[in-house]
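A.B. asks: I am sharing protein30.tsv, which consists of TSV, C-alpha atoms and all ligand atoms:
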```tsv
chain	number	residue	atom	x	y	z
M	1	MET	CA	-121.52	97.15	119.33
M	2	ILE	CA	-125.16	98.19	119.10
M	3	THR	CA	-126.13	99.02	115.54
M	4	HIS	CA	-128.43	102.04	115.26
M	5	LYS	CA	-131.14	101.80	112.62
M	6	TRP	CA	-132.81	104.86	111.13
M	7	ASN	CA	-135.68	104.68	108.65
M	8	VAL	CA	-135.53	107.59	106.24
M	9	ASP	CA	-137.85	108.18	103.31
M	10	ASN	CA	-136.09	108.45	100.00
M	11	VAL	CA	-137.15	112.03	99.28
M	12	ASP	CA	-135.40	115.23	98.33
M	13	ASN	CA	-134.77	118.03	100.81
M	14	LEU	CA	-133.18	115.95	103.54
M	15	ALA	CA	-130.79	118.70	104.66
M	16	GLY	CA	-132.25	119.10	108.16
M	17	ASN	CA	-133.24	115.46	108.62
M	18	GLN	CA	-132.37	114.38	112.16
M	19	ALA	CA	-131.40	110.80	111.38
M	20	ILE	CA	-129.01	112.01	108.70
M	21	GLN	CA	-127.47	114.56	111.08
M	22	GLU	CA	-126.99	111.88	113.71
M	23	ALA	CA	-125.46	109.44	111.21
M	24	ALA	CA	-123.12	112.17	109.92
M	25	MET	CA	-122.03	112.92	113.48
M	26	TRP	CA	-120.94	109.29	113.93
M	27	ILE	CA	-119.06	109.45	110.65
M	28	ARG	CA	-117.28	112.61	111.80
M	29	GLU	CA	-116.30	110.70	114.94
M	30	GLY	CA	-114.63	108.06	112.78
M	31	GLU	CA	-117.41	105.47	112.79
M	32	VAL	CA	-118.90	103.42	109.95
M	33	ILE	CA	-122.49	103.91	108.72
M	34	ALA	CA	-124.38	102.02	106.00
M	35	PHE	CA	-126.51	104.07	103.63
M	36	PRO	CA	-128.50	103.55	100.43
M	37	THR	CA	-127.28	104.65	97.00
M	38	GLU	CA	-129.03	104.25	93.64
M	39	THR	CA	-127.00	101.07	92.97
M	40	VAL	CA	-126.58	99.11	96.22
M	41	TYR	CA	-126.13	100.00	99.90
M	42	GLY	CA	-122.70	101.41	100.78
M	43	LEU	CA	-120.68	101.18	103.98
M	44	GLY	CA	-119.45	104.72	104.52
M	45	ALA	CA	-116.62	106.26	106.53
M	46	ASP	CA	-114.28	109.26	106.33
M	47	ALA	CA	-112.18	108.68	103.20
M	48	CYS	CA	-109.35	110.74	104.71
M	49	SER	CA	-108.94	108.70	107.90
M	50	ASN	CA	-106.94	105.46	107.94
M	51	ASP	CA	-108.47	104.51	111.30
M	52	ALA	CA	-112.04	104.94	110.08
M	53	ILE	CA	-111.30	103.01	106.88
M	54	GLU	CA	-109.76	100.17	108.87
M	55	LYS	CA	-113.18	99.70	110.52
M	56	ILE	CA	-114.80	99.21	107.09
M	57	PHE	CA	-112.31	96.50	106.15
M	58	SER	CA	-112.76	94.65	109.43
M	59	ALA	CA	-116.59	94.92	109.45
M	60	LYS	CA	-116.72	93.45	105.92
M	61	GLY	CA	-113.87	90.98	106.31
M	62	ARG	CA	-112.47	92.53	103.12
M	63	PRO	CA	-108.96	91.82	101.80
M	64	SER	CA	-106.89	94.95	102.46
M	65	ASP	CA	-105.52	95.11	98.88
M	66	ASN	CA	-108.98	95.91	97.46
M	67	PRO	CA	-109.46	99.71	97.18
M	68	LEU	CA	-112.68	101.53	98.08
M	69	ILE	CA	-114.74	103.94	95.97
M	70	VAL	CA	-114.82	107.54	97.24
M	71	HIS	CA	-118.24	109.23	97.11
M	72	ILE	CA	-118.73	112.98	96.68
M	73	SER	CA	-121.92	115.04	96.74
M	74	ARG	CA	-120.89	118.00	94.58
M	75	LEU	CA	-118.31	118.72	91.91
M	76	GLU	CA	-116.40	121.22	94.09
M	77	GLN	CA	-115.55	118.26	96.34
M	78	LEU	CA	-113.69	116.44	93.57
M	79	LYS	CA	-110.42	118.20	94.36
M	80	GLN	CA	-110.52	116.72	97.86
M	81	ALA	CA	-110.40	113.26	96.29
M	82	ALA	CA	-108.41	113.54	93.05
M	83	SER	CA	-105.30	115.56	92.20
M	84	THR	CA	-106.01	116.04	88.46
M	85	TRP	CA	-108.48	115.03	85.78
M	86	GLU	CA	-108.65	115.60	82.06
M	87	ARG	CA	-111.26	116.64	79.54
M	88	THR	CA	-112.47	113.13	78.76
M	89	ALA	CA	-113.10	112.44	82.45
M	90	GLU	CA	-114.91	115.76	82.72
M	91	SER	CA	-117.25	114.86	79.85
M	92	LEU	CA	-118.11	111.64	81.64
M	93	MET	CA	-118.84	113.51	84.87
M	94	ASN	CA	-121.07	115.98	83.05
M	95	ALA	CA	-122.96	113.20	81.31
M	96	PHE	CA	-123.34	110.65	84.11
M	97	TRP	CA	-123.00	112.32	87.53
M	98	PRO	CA	-124.81	112.01	89.77
M	99	GLY	CA	-125.11	108.38	88.70
M	100	PRO	CA	-123.66	104.85	88.65
M	101	LEU	CA	-120.26	105.64	87.12
M	102	THR	CA	-116.97	105.44	89.06
M	103	ILE	CA	-113.99	107.16	87.46
M	104	VAL	CA	-110.44	106.16	88.43
M	105	LEU	CA	-108.26	109.27	88.76
M	106	PRO	CA	-104.87	110.20	90.28
M	107	LYS	CA	-105.39	110.32	94.05
M	108	SER	CA	-105.14	113.49	96.11
M	109	ASP	CA	-102.89	113.58	99.19
M	110	ALA	CA	-105.93	114.05	101.43
M	111	ILE	CA	-107.35	110.59	100.73
M	112	ALA	CA	-106.09	108.00	103.22
M	113	GLU	CA	-103.69	105.32	101.97
M	114	ARG	CA	-105.92	102.53	103.20
M	115	THR	CA	-108.86	103.85	101.18
M	116	THR	CA	-107.02	103.19	97.92
M	117	ALA	CA	-105.07	100.17	99.20
M	118	ARG	CA	-101.90	102.27	98.65
M	119	LEU	CA	-102.62	102.73	94.93
M	120	ALA	CA	-101.72	106.10	93.37
M	121	THR	CA	-105.25	106.27	91.97
M	122	VAL	CA	-108.70	106.68	93.49
M	123	GLY	CA	-112.13	105.63	92.17
M	124	VAL	CA	-114.60	108.52	92.57
M	125	ARG	CA	-118.31	108.75	92.02
M	126	MET	CA	-121.27	111.00	92.83
M	127	PRO	CA	-124.24	108.77	93.76
M	128	ASP	CA	-127.70	109.61	92.46
M	129	HIS	CA	-129.59	109.17	95.71
M	130	PRO	CA	-130.95	111.93	97.97
M	131	ILE	CA	-130.00	110.13	101.20
M	132	ALA	CA	-126.43	109.45	100.06
M	133	LEU	CA	-125.99	113.04	98.87
M	134	ALA	CA	-127.46	114.51	102.08
M	135	LEU	CA	-125.24	112.28	104.23
M	136	ILE	CA	-122.06	113.30	102.39
M	137	ASP	CA	-123.12	116.97	102.66
M	138	ALA	CA	-123.78	116.64	106.38
M	139	ALA	CA	-120.45	114.89	106.98
M	140	GLY	CA	-118.68	117.66	105.06
M	141	PHE	CA	-116.06	115.44	103.40
M	142	PRO	CA	-115.92	112.58	100.84
M	143	LEU	CA	-117.04	109.17	102.07
M	144	ALA	CA	-115.26	105.96	101.14
M	145	ALA	CA	-117.89	103.27	100.72
M	146	PRO	CA	-117.72	99.71	99.43
M	147	SER	CA	-120.93	97.72	99.09
M	148	ALA	CA	-122.33	97.06	102.59
M	149	ASN	CA	-122.19	93.25	102.52
M	150	ARG	CA	-119.85	90.80	104.25
M	151	SER	CA	-117.06	90.12	101.77
M	152	GLY	CA	-118.09	87.45	99.25
M	153	LYS	CA	-121.87	87.82	99.74
M	154	PRO	CA	-124.24	89.43	97.22
M	155	SER	CA	-124.35	93.22	97.55
M	156	PRO	CA	-127.24	94.56	99.66
M	157	THR	CA	-130.17	96.15	97.87
M	158	ARG	CA	-132.36	96.50	100.99
M	159	GLY	CA	-131.71	97.67	104.55
M	160	GLU	CA	-132.47	94.20	105.91
M	161	HIS	CA	-129.66	92.68	103.82
M	162	VAL	CA	-127.19	95.04	105.50
M	163	TYR	CA	-128.66	94.29	108.92
M	164	ARG	CA	-128.30	90.58	108.36
M	165	ASP	CA	-124.65	90.80	107.29
M	166	LEU	CA	-123.37	93.55	109.57
M	167	ASN	CA	-125.55	93.94	112.68
M	168	GLY	CA	-123.22	94.37	115.65
M	169	ARG	CA	-120.23	95.11	113.41
M	170	ILE	CA	-121.02	98.74	112.45
M	171	LYS	CA	-122.38	101.86	114.18
M	172	GLY	CA	-125.53	102.33	112.15
M	173	ILE	CA	-127.71	101.70	109.11
M	174	ILE	CA	-129.82	104.27	107.31
M	175	ASP	CA	-132.66	102.22	105.82
M	176	GLY	CA	-134.02	104.02	102.76
M	177	GLY	CA	-135.87	101.07	101.24
M	178	LYS	CA	-134.96	99.24	98.04
M	179	THR	CA	-132.19	100.56	95.82
M	180	GLY	CA	-132.91	101.40	92.17
M	181	VAL	CA	-130.34	99.95	89.77
M	182	GLY	CA	-129.67	96.85	91.89
M	183	LEU	CA	-126.12	96.28	90.55
M	184	GLU	CA	-123.01	98.31	91.36
M	185	SER	CA	-121.58	101.25	89.42
M	186	THR	CA	-119.52	100.88	86.26
M	187	VAL	CA	-115.83	101.44	87.06
M	188	VAL	CA	-113.76	103.11	84.31
M	189	GLU	CA	-110.19	104.25	83.87
M	190	VAL	CA	-109.49	107.20	81.58
M	191	ILE	CA	-106.16	107.49	79.78
M	192	GLY	CA	-105.98	110.30	77.24
M	193	GLU	CA	-109.13	109.89	75.18
M	194	THR	CA	-109.56	106.19	75.88
M	195	VAL	CA	-112.05	104.97	78.45
M	196	THR	CA	-111.47	101.43	79.72
M	197	ILE	CA	-114.24	99.60	81.55
M	198	LEU	CA	-112.74	97.79	84.55
M	199	ARG	CA	-116.08	96.62	85.95
M	200	PRO	CA	-119.39	96.65	84.03
M	201	GLY	CA	-122.27	98.21	85.98
M	202	GLY	CA	-125.16	100.63	85.96
M	203	ILE	CA	-123.87	102.66	82.97
M	204	THR	CA	-123.59	100.50	79.86
M	205	LYS	CA	-120.82	100.50	77.24
M	206	ALA	CA	-123.28	101.91	74.70
M	207	GLN	CA	-124.13	104.81	77.02
M	208	LEU	CA	-120.42	105.63	77.42
M	209	GLU	CA	-120.00	105.46	73.62
M	210	ASN	CA	-122.65	108.14	73.24
M	211	VAL	CA	-120.32	110.53	75.06
M	212	VAL	CA	-116.75	109.45	74.18
M	213	ASP	CA	-115.23	107.94	71.05
M	214	HIS	CA	-112.97	105.23	72.44
M	215	VAL	CA	-114.45	102.80	74.94
M	216	GLU	CA	-112.80	99.44	75.62
M	217	TRP	CA	-113.20	96.51	77.98
M	218	ASP	CA	-110.34	95.81	80.36
M	219	ARG	CA	-108.69	92.74	78.80
M	220	ALA	CA	-109.21	90.86	82.07
M	221	LEU	CA	-112.96	90.95	81.41
M	222	LEU	CA	-112.39	89.28	78.05
M	223	GLU	CA	-109.58	86.87	78.86
M	224	GLU	CA	-109.50	85.03	82.14
M	225	LYS	CA	-105.73	84.81	82.42
M	226	GLN	CA	-105.08	88.56	82.55
M	227	VAL	CA	-104.68	90.12	85.99
M	228	PRO	CA	-107.54	92.60	86.37
M	229	LYS	CA	-106.68	96.28	86.82
M	230	SER	CA	-109.57	96.58	89.23
M	231	PRO	CA	-108.30	94.61	92.22
M	232	GLY	CA	-111.79	93.65	93.42
M	233	MET	CA	-112.54	91.78	90.20
M	234	LYS	CA	-110.28	88.86	91.08
M	235	TYR	CA	-112.19	87.66	94.17
M	236	THR	CA	-115.16	85.29	94.32
M	237	HIS	CA	-118.13	87.48	94.90
M	238	TYR	CA	-121.85	87.84	95.21
M	239	ALA	CA	-122.28	84.19	96.18
M	240	PRO	CA	-125.22	82.66	98.05
M	241	ASP	CA	-124.52	79.86	100.58
M	242	ALA	CA	-125.49	77.00	98.23
M	243	PRO	CA	-123.39	76.34	95.10
M	244	LEU	CA	-124.74	78.13	92.03
M	245	TYR	CA	-124.60	76.91	88.42
M	246	LEU	CA	-125.69	78.84	85.34
M	247	VAL	CA	-127.71	76.79	82.86
M	248	ASP	CA	-127.23	77.59	79.18
M	249	GLY	CA	-129.85	75.67	77.25
M	250	GLU	CA	-133.49	75.08	76.38
M	251	ARG	CA	-136.35	74.31	78.75
M	252	ASP	CA	-135.99	70.51	78.46
M	253	PHE	CA	-132.25	70.65	79.14
M	254	PHE	CA	-132.88	72.87	82.19
M	255	GLN	CA	-135.53	70.48	83.57
M	256	GLY	CA	-133.15	67.59	82.96
M	257	VAL	CA	-130.46	69.28	85.06
M	258	ILE	CA	-132.99	69.85	87.87
M	259	ASN	CA	-134.12	66.21	87.74
M	260	GLN	CA	-130.54	64.96	87.76
M	261	HIS	CA	-129.73	66.85	90.98
M	262	GLN	CA	-133.01	65.77	92.59
M	263	SER	CA	-132.26	62.14	91.76
M	264	GLU	CA	-129.05	62.58	93.78
M	265	GLY	CA	-131.28	63.53	96.72
M	266	LYS	CA	-130.57	67.26	96.55
M	267	LYS	CA	-133.01	70.12	97.15
M	268	VAL	CA	-132.87	72.23	93.99
M	269	GLY	CA	-133.57	75.97	93.78
M	270	ILE	CA	-133.99	77.77	90.48
M	271	LEU	CA	-133.51	81.46	89.70
M	272	VAL	CA	-135.39	82.15	86.50
M	273	SER	CA	-137.47	84.61	84.50
M	274	ASP	CA	-141.28	84.47	84.74
M	275	GLU	CA	-141.41	82.93	81.27
M	276	LEU	CA	-139.13	80.02	82.22
M	277	ALA	CA	-140.59	79.61	85.72
M	278	ASP	CA	-143.94	78.72	84.19
M	279	GLN	CA	-142.35	75.77	82.38
M	280	LEU	CA	-140.19	74.24	85.14
M	281	THR	CA	-140.67	72.43	88.44
M	282	ALA	CA	-138.13	72.50	91.29
M	283	ASP	CA	-138.05	72.60	95.10
M	284	GLU	CA	-137.61	76.38	95.38
M	285	VAL	CA	-138.55	78.70	92.53
M	286	ARG	CA	-137.41	82.32	92.49
M	287	ARG	CA	-138.87	84.49	89.76
M	288	VAL	CA	-136.82	87.52	88.80
M	289	GLY	CA	-139.40	89.07	86.44
M	290	SER	CA	-139.97	89.03	82.69
M	291	ASN	CA	-137.01	88.24	80.43
M	292	GLN	CA	-138.18	91.23	78.36
M	293	ARG	CA	-137.03	93.54	81.18
M	294	ILE	CA	-133.40	92.83	82.02
M	295	ASP	CA	-133.29	96.09	84.00
M	296	TRP	CA	-135.95	94.78	86.39
M	297	ILE	CA	-134.12	91.47	86.68
M	298	ALA	CA	-130.97	93.41	87.62
M	299	GLN	CA	-132.88	95.22	90.39
M	300	GLN	CA	-133.97	91.95	91.97
M	301	ILE	CA	-131.12	89.57	91.36
M	302	TYR	CA	-129.19	90.05	94.62
M	303	HIS	CA	-132.33	89.90	96.74
M	304	GLN	CA	-133.42	86.67	95.09
M	305	LEU	CA	-129.93	85.15	95.35
M	306	ARG	CA	-129.87	85.98	99.06
M	307	SER	CA	-133.36	84.55	99.59
M	308	PHE	CA	-132.06	81.00	99.07
M	309	ASP	CA	-129.97	81.41	102.23
M	310	ASP	CA	-133.21	81.20	104.26
M	311	THR	CA	-134.09	77.82	102.71
M	312	THR	CA	-132.62	74.32	102.75
M	313	THR	CA	-131.69	74.58	99.06
M	314	GLU	CA	-128.56	72.56	98.31
M	315	VAL	CA	-127.93	73.61	94.73
M	316	ILE	CA	-129.10	76.69	92.80
M	317	LEU	CA	-129.56	76.71	89.01
M	318	ALA	CA	-129.88	80.07	87.27
M	319	GLU	CA	-130.92	81.14	83.80
M	320	ILE	CA	-128.54	83.18	81.64
M	321	TYR	CA	-129.43	86.43	79.84
M	322	PRO	CA	-128.19	88.30	76.76
M	323	ASP	CA	-124.85	89.96	77.45
M	324	GLU	CA	-125.87	93.44	76.27
M	325	GLY	CA	-127.04	96.70	77.85
M	326	ILE	CA	-127.43	96.21	81.61
M	327	GLY	CA	-127.14	92.48	80.78
M	328	GLU	CA	-123.34	93.10	80.59
M	329	ALA	CA	-123.24	93.77	84.32
M	330	LEU	CA	-125.92	91.21	85.17
M	331	MET	CA	-124.04	88.37	83.45
M	332	ASN	CA	-120.72	89.53	84.95
M	333	ARG	CA	-122.20	89.23	88.47
M	334	LEU	CA	-123.99	85.94	87.81
M	335	LEU	CA	-120.83	84.37	86.40
M	336	LYS	CA	-118.88	85.52	89.46
M	337	ALA	CA	-121.55	84.29	91.85
M	338	ALA	CA	-121.35	80.93	90.07
M	339	GLY	CA	-117.55	80.88	90.09
M	340	ASN	CA	-117.87	80.63	86.26
M	341	LYS	CA	-119.65	77.27	86.47
M	342	VAL	CA	-121.89	77.05	83.41
M	343	LEU	CA	-123.76	73.90	82.32
M	344	THR	CA	-124.10	74.03	78.56
M	345	GLN	CA	-126.47	72.03	76.36
M	346	GLU	CA	-124.50	69.91	73.87
A	1	LIG	O1	-122.20	101.10	93.08
A	1	LIG	C1	-121.11	101.01	93.67
A	1	LIG	O2	-120.04	101.19	93.11
A	1	LIG	C2	-121.17	100.66	95.18
A	1	LIG	C3	-121.86	101.81	95.89
A	1	LIG	C4	-121.85	101.63	97.39
A	1	LIG	O3	-121.29	103.04	95.53
A	1	LIG	N1	-119.84	100.45	95.67
A	1	LIG	C5	-119.11	99.35	95.35
A	1	LIG	O4	-117.90	99.29	96.02
A	1	LIG	O5	-119.49	98.50	94.60
A	1	LIG	P1	-117.03	97.94	96.10
A	1	LIG	O6	-115.95	98.27	97.06
A	1	LIG	O7	-117.89	96.80	96.43
A	1	LIG	O8	-116.39	97.81	94.68
A	1	LIG	C6	-115.41	98.74	94.25
A	1	LIG	C7	-114.74	98.26	92.99
A	1	LIG	C8	-113.78	97.13	93.28
A	1	LIG	O9	-113.82	96.20	92.21
A	1	LIG	C9	-112.44	97.86	93.34
A	1	LIG	O10	-111.36	97.01	93.08
A	1	LIG	C10	-112.64	98.94	92.29
A	1	LIG	O11	-113.98	99.33	92.45
A	1	LIG	N2	-111.74	100.08	92.52
A	1	LIG	C11	-111.80	100.99	93.53
A	1	LIG	N3	-110.78	101.87	93.43
A	1	LIG	C12	-110.06	101.52	92.35
A	1	LIG	C13	-108.86	102.02	91.73
A	1	LIG	N4	-108.20	103.06	92.24
A	1	LIG	N5	-108.42	101.40	90.62
A	1	LIG	C14	-109.07	100.34	90.10
A	1	LIG	N6	-110.20	99.81	90.64
A	1	LIG	C15	-110.68	100.39	91.75
A	2	MG	MG	-118.69	94.93	96.62
```
Spell out the structure here as structure tokens.
Ligand code: TXA
Ligand code: MG
C.D. replies:
Amino acid sequence: MITHKWNVDNVDNLAGNQAIQEAAMWIREGEVIAFPTETVYGLGADACSNDAIEKIFSAKGRPSDNPLIVHISRLEQLKQAASTWERTAESLMNAFWPGPLTIVLPKSDAIAERTTARLATVGVRMPDHPIALALIDAAGFPLAAPSANRSGKPSPTRGEHVYRDLNGRIKGIIDGGKTGVGLESTVVEVIGETVTILRPGGITKAQLENVVDHVEWDRALLEEKQVPKSPGMKYTHYAPDAPLYLVDGERDFFQGVINQHQSEGKKVGILVSDELADQLTADEVRRVGSNQRIDWIAQQIYHQLRSFDDTTTEVILAEIYPDEGIGEALMNRLLKAAGNKVLTQE
């Protein structure tokens, strides 16, 4: 399959944009198109068509029991995706949509069974990105869209990441440049007045607490033995080709770990803040920005993780960050990418 590539500037007023019209036409014909959102690139198709959704799963190589997020462009579209929603969910929508918050709601009959992996619920969000919104508008129906990476790889934050993973496997890519947040949306479930975070992401726990009284972590995020309520959380994810270890310790400990691997003849890559990069030597150094700006680190982390795949790096060592604010999501993704392997200073 030839993959079409359209470059579209990330600007408002895209209603008549020809590339978007063309991409929407393919989607209406049941094809799969990658597009930028404010979090990461999504792989979009008609959320109401089992056949179209099947193409997403096969392009990604995604396990079929992992449900997709449904994207809407305006509130009136919500009833096409969900059958009911309560006041607490509505407050979240008012506060955070458009934006990086996915709310799990009872599914409407219109949404295809494959989209939700036969669950009775559907995750819905309204992305805060002019291209995503214009594409959904032009298609005229909600778009199911997982992140546009091959299953297991870091999510794409640039058009070229999508191209590398999916060229020849999908109909087209709308390249709108770098995404903003750099990590995926926060996924929440709402039961009565309690909001449970199933996946940390672009909206932090503290931000949710500004709007609702009861916010909890899904127990699976706190205790490894629990089965997660968000099916996608149980798979290895976001991983570069070389094995990744997180290093929890001071500069000298970190350098010692690098030296140890080098003495075994391995090429060592490090993924570190500017502050730490200045104090370490390794074969490949990737700087993710100042450790004073975790939000900027979040924007870059997937790109930098992917960049090791173009090198001969045999082991990657990454710094850890405070587990607060956007650091909640950043550390969640780094731990997953590392398969929970953390080297801790005694
Ligand atoms: O920022 C994002 O959320 C991006 C952009 C493209 O919107 N999308 C994304 O989709 O990250 P994906 O498929 O990579 O991750 C969706 C997550 C998975 O962990 C999945 O299990 C969970 O959302 N999810 C989807 N529907 C669910 C449901 N009904 N109940 C529980 N979890 C659900
Ligand atoms: Mg994903």
A.B. asks: What are the closest atom pairs, with distances in Å to one decimal, for all residues of chain M lying within 7 Å of ligand LIG 1 (chain A)? Consider all atoms listed in the file, order rows by chain and residue number, and present the result as JSON lines.
C.D. replies:
```
{"residue": "M:Thr37", "atom": "CA", "partner": "A:LIG1", "partner_atom": "C3", "distance": 6.2}
{"residue": "M:Thr39", "atom": "CA", "partner": "A:LIG1", "partner_atom": "O1", "distance": 4.8}
{"residue": "M:Val40", "atom": "CA", "partner": "A:LIG1", "partner_atom": "C3", "distance": 5.4}
{"residue": "M:Tyr41", "atom": "CA", "partner": "A:LIG1", "partner_atom": "C4", "distance": 5.2}
{"residue": "M:Gly42", "atom": "CA", "partner": "A:LIG1", "partner_atom": "C4", "distance": 3.5}
{"residue": "M:Leu43", "atom": "CA", "partner": "A:LIG1", "partner_atom": "C4", "distance": 6.7}
{"residue": "M:Asn66", "atom": "CA", "partner": "A:LIG1", "partner_atom": "O10", "distance": 5.1}
{"residue": "M:Pro67", "atom": "CA", "partner": "A:LIG1", "partner_atom": "C11", "distance": 4.5}
{"residue": "M:Leu68", "atom": "CA", "partner": "A:LIG1", "partner_atom": "C11", "distance": 4.7}
{"residue": "M:Ile69", "atom": "CA", "partner": "A:LIG1", "partner_atom": "C11", "distance": 4.8}
{"residue": "M:Pro100", "atom": "CA", "partner": "A:LIG1", "partner_atom": "O1", "distance": 6.0}
{"residue": "M:Thr102", "atom": "CA", "partner": "A:LIG1", "partner_atom": "O2", "distance": 6.6}
{"residue": "M:Val104", "atom": "CA", "partner": "A:LIG1", "partner_atom": "N4", "distance": 5.4}
{"residue": "M:Thr116", "atom": "CA", "partner": "A:LIG1", "partner_atom": "N4", "distance": 5.8}
{"residue": "M:Leu119", "atom": "CA", "partner": "A:LIG1", "partner_atom": "N4", "distance": 6.2}
{"residue": "M:Thr121", "atom": "CA", "partner": "A:LIG1", "partner_atom": "N4", "distance": 4.4}
{"residue": "M:Val122", "atom": "CA", "partner": "A:LIG1", "partner_atom": "N4", "distance": 3.9}
{"residue": "M:Gly123", "atom": "CA", "partner": "A:LIG1", "partner_atom": "N3", "distance": 4.2}
{"residue": "M:Pro127", "atom": "CA", "partner": "A:LIG1", "partner_atom": "O3", "distance": 6.7}
{"residue": "M:Ala145", "atom": "CA", "partner": "A:LIG1", "partner_atom": "C4", "distance": 5.4}
{"residue": "M:Pro146", "atom": "CA", "partner": "A:LIG1", "partner_atom": "O6", "distance": 3.3}
{"residue": "M:Ser147", "atom": "CA", "partner": "A:LIG1", "partner_atom": "O7", "distance": 4.1}
{"residue": "M:Ala148", "atom": "CA", "partner": "A:LIG1", "partner_atom": "C4", "distance": 6.9}
{"residue": "M:Leu183", "atom": "CA", "partner": "A:LIG1", "partner_atom": "O1", "distance": 6.7}
{"residue": "M:Glu184", "atom": "CA", "partner": "A:LIG1", "partner_atom": "O1", "distance": 3.4}
{"residue": "M:Ser185", "atom": "CA", "partner": "A:LIG1", "partner_atom": "O1", "distance": 3.7}
{"residue": "M:Thr186", "atom": "CA", "partner": "A:LIG1", "partner_atom": "O2", "distance": 6.9}
{"residue": "M:Val187", "atom": "CA", "partner": "A:LIG1", "partner_atom": "O11", "distance": 6.1}
{"residue": "M:Leu198", "atom": "CA", "partner": "A:LIG1", "partner_atom": "N6", "distance": 6.9}
{"residue": "M:Arg199", "atom": "CA", "partner": "A:LIG1", "partner_atom": "O9", "distance": 6.7}
{"residue": "M:Lys229", "atom": "CA", "partner": "A:LIG1", "partner_atom": "C14", "distance": 5.7}
{"residue": "M:Ser230", "atom": "CA", "partner": "A:LIG1", "partner_atom": "N6", "distance": 3.6}
{"residue": "M:Pro231", "atom": "CA", "partner": "A:LIG1", "partner_atom": "O10", "distance": 4.0}
{"residue": "M:Gly232", "atom": "CA", "partner": "A:LIG1", "partner_atom": "O10", "distance": 3.4}
{"residue": "M:Met233", "atom": "CA", "partner": "A:LIG1", "partner_atom": "O9", "distance": 5.0}
```
A.B. asks: If you take only C-alpha atoms and a cut-off of 10 Å, which residues of stretch 72-134 of chain M touch stretch 52-57 of chain M, and what are their nearest atom pairs and distances in Å to one decimal, in chain and number order, as CSV?
C.D. replies:
```
residue,atom,partner,partner_atom,distance
M:Ala112,CA,M:Ile53,CA,8.1
M:Glu113,CA,M:Ile53,CA,9.3
M:Arg114,CA,M:Ile53,CA,6.5
M:Thr115,CA,M:Ile53,CA,6.3
M:Thr116,CA,M:Ile53,CA,9.9
```
A.B. asks: Might you pull out every residue within 12 Å of M:Gln300, with all atoms listed in the file counted and same-chain residues fewer than 3 positions away left off, and present them as an mmCIF file with C-alpha atoms, in the coordinates of the input?
C.D. replies:
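Listed below is the output, out36.cif:
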```
data_model
loop_
_atom_site.group_PDB
_atom_site.id
_atom_site.type_symbol
_atom_site.label_atom_id
_atom_site.label_comp_id
_atom_site.auth_asym_id
_atom_site.auth_seq_id
_atom_site.Cartn_x
_atom_site.Cartn_y
_atom_site.Cartn_z
ATOM 1 C CA THR M 39 -127.000 101.070 92.970
ATOM 2 C CA VAL M 40 -126.580 99.110 96.220
ATOM 3 C CA PRO M 154 -124.240 89.430 97.220
ATOM 4 C CA SER M 155 -124.350 93.220 97.550
ATOM 5 C CA PRO M 156 -127.240 94.560 99.660
ATOM 6 C CA THR M 157 -130.170 96.150 97.870
ATOM 7 C CA ARG M 158 -132.360 96.500 100.990
ATOM 8 C CA LYS M 178 -134.960 99.240 98.040
ATOM 9 C CA THR M 179 -132.190 100.560 95.820
ATOM 10 C CA GLY M 180 -132.910 101.400 92.170
ATOM 11 C CA VAL M 181 -130.340 99.950 89.770
ATOM 12 C CA GLY M 182 -129.670 96.850 91.890
ATOM 13 C CA LEU M 183 -126.120 96.280 90.550
ATOM 14 C CA LEU M 271 -133.510 81.460 89.700
ATOM 15 C CA VAL M 272 -135.390 82.150 86.500
ATOM 16 C CA SER M 273 -137.470 84.610 84.500
ATOM 17 C CA ARG M 286 -137.410 82.320 92.490
ATOM 18 C CA ARG M 287 -138.870 84.490 89.760
ATOM 19 C CA VAL M 288 -136.820 87.520 88.800
ATOM 20 C CA GLY M 289 -139.400 89.070 86.440
ATOM 21 C CA SER M 290 -139.970 89.030 82.690
ATOM 22 C CA ARG M 293 -137.030 93.540 81.180
ATOM 23 C CA ILE M 294 -133.400 92.830 82.020
ATOM 24 C CA ASP M 295 -133.290 96.090 84.000
ATOM 25 C CA TRP M 296 -135.950 94.780 86.390
ATOM 26 C CA ILE M 297 -134.120 91.470 86.680
ATOM 27 C CA HIS M 303 -132.330 89.900 96.740
ATOM 28 C CA GLN M 304 -133.420 86.670 95.090
ATOM 29 C CA LEU M 305 -129.930 85.150 95.350
ATOM 30 C CA ARG M 306 -129.870 85.980 99.060
ATOM 31 C CA SER M 307 -133.360 84.550 99.590
ATOM 32 C CA LEU M 330 -125.920 91.210 85.170
#
```
A.B. asks: Within 9 Å of M:Leu280, counting all atoms listed in the file, which residues show up once you throw out same-chain ones fewer than 5 positions away? Write them as a list in words, please.
C.D. replies: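 Neighbouring residues, sequence-local ones excluded: Arg251, Asp252, Phe254, Gln255, Ile258, Ile270 and Val285 of chain M.
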A.B. asks: Could you give me the centre and size, in Å to one decimal, of an axis-aligned box around all listed atoms of stretch 67-75 of chain M with 8 Å added on every side, as JSON?
C.D. replies:
```
{"center_x": -115.7, "center_y": 109.2, "center_z": 95.0, "size_x": 28.5, "size_y": 35.0, "size_z": 22.2}
```
A.B. asks: For each of M:Cys48, M:Ala220, M:Ile72, M:Ala144, take the minimum atom-to-atom distance to M:Ser108, counting all atoms listed in the file, then give the residue where this is smallest.
C.D. replies: M:Cys48
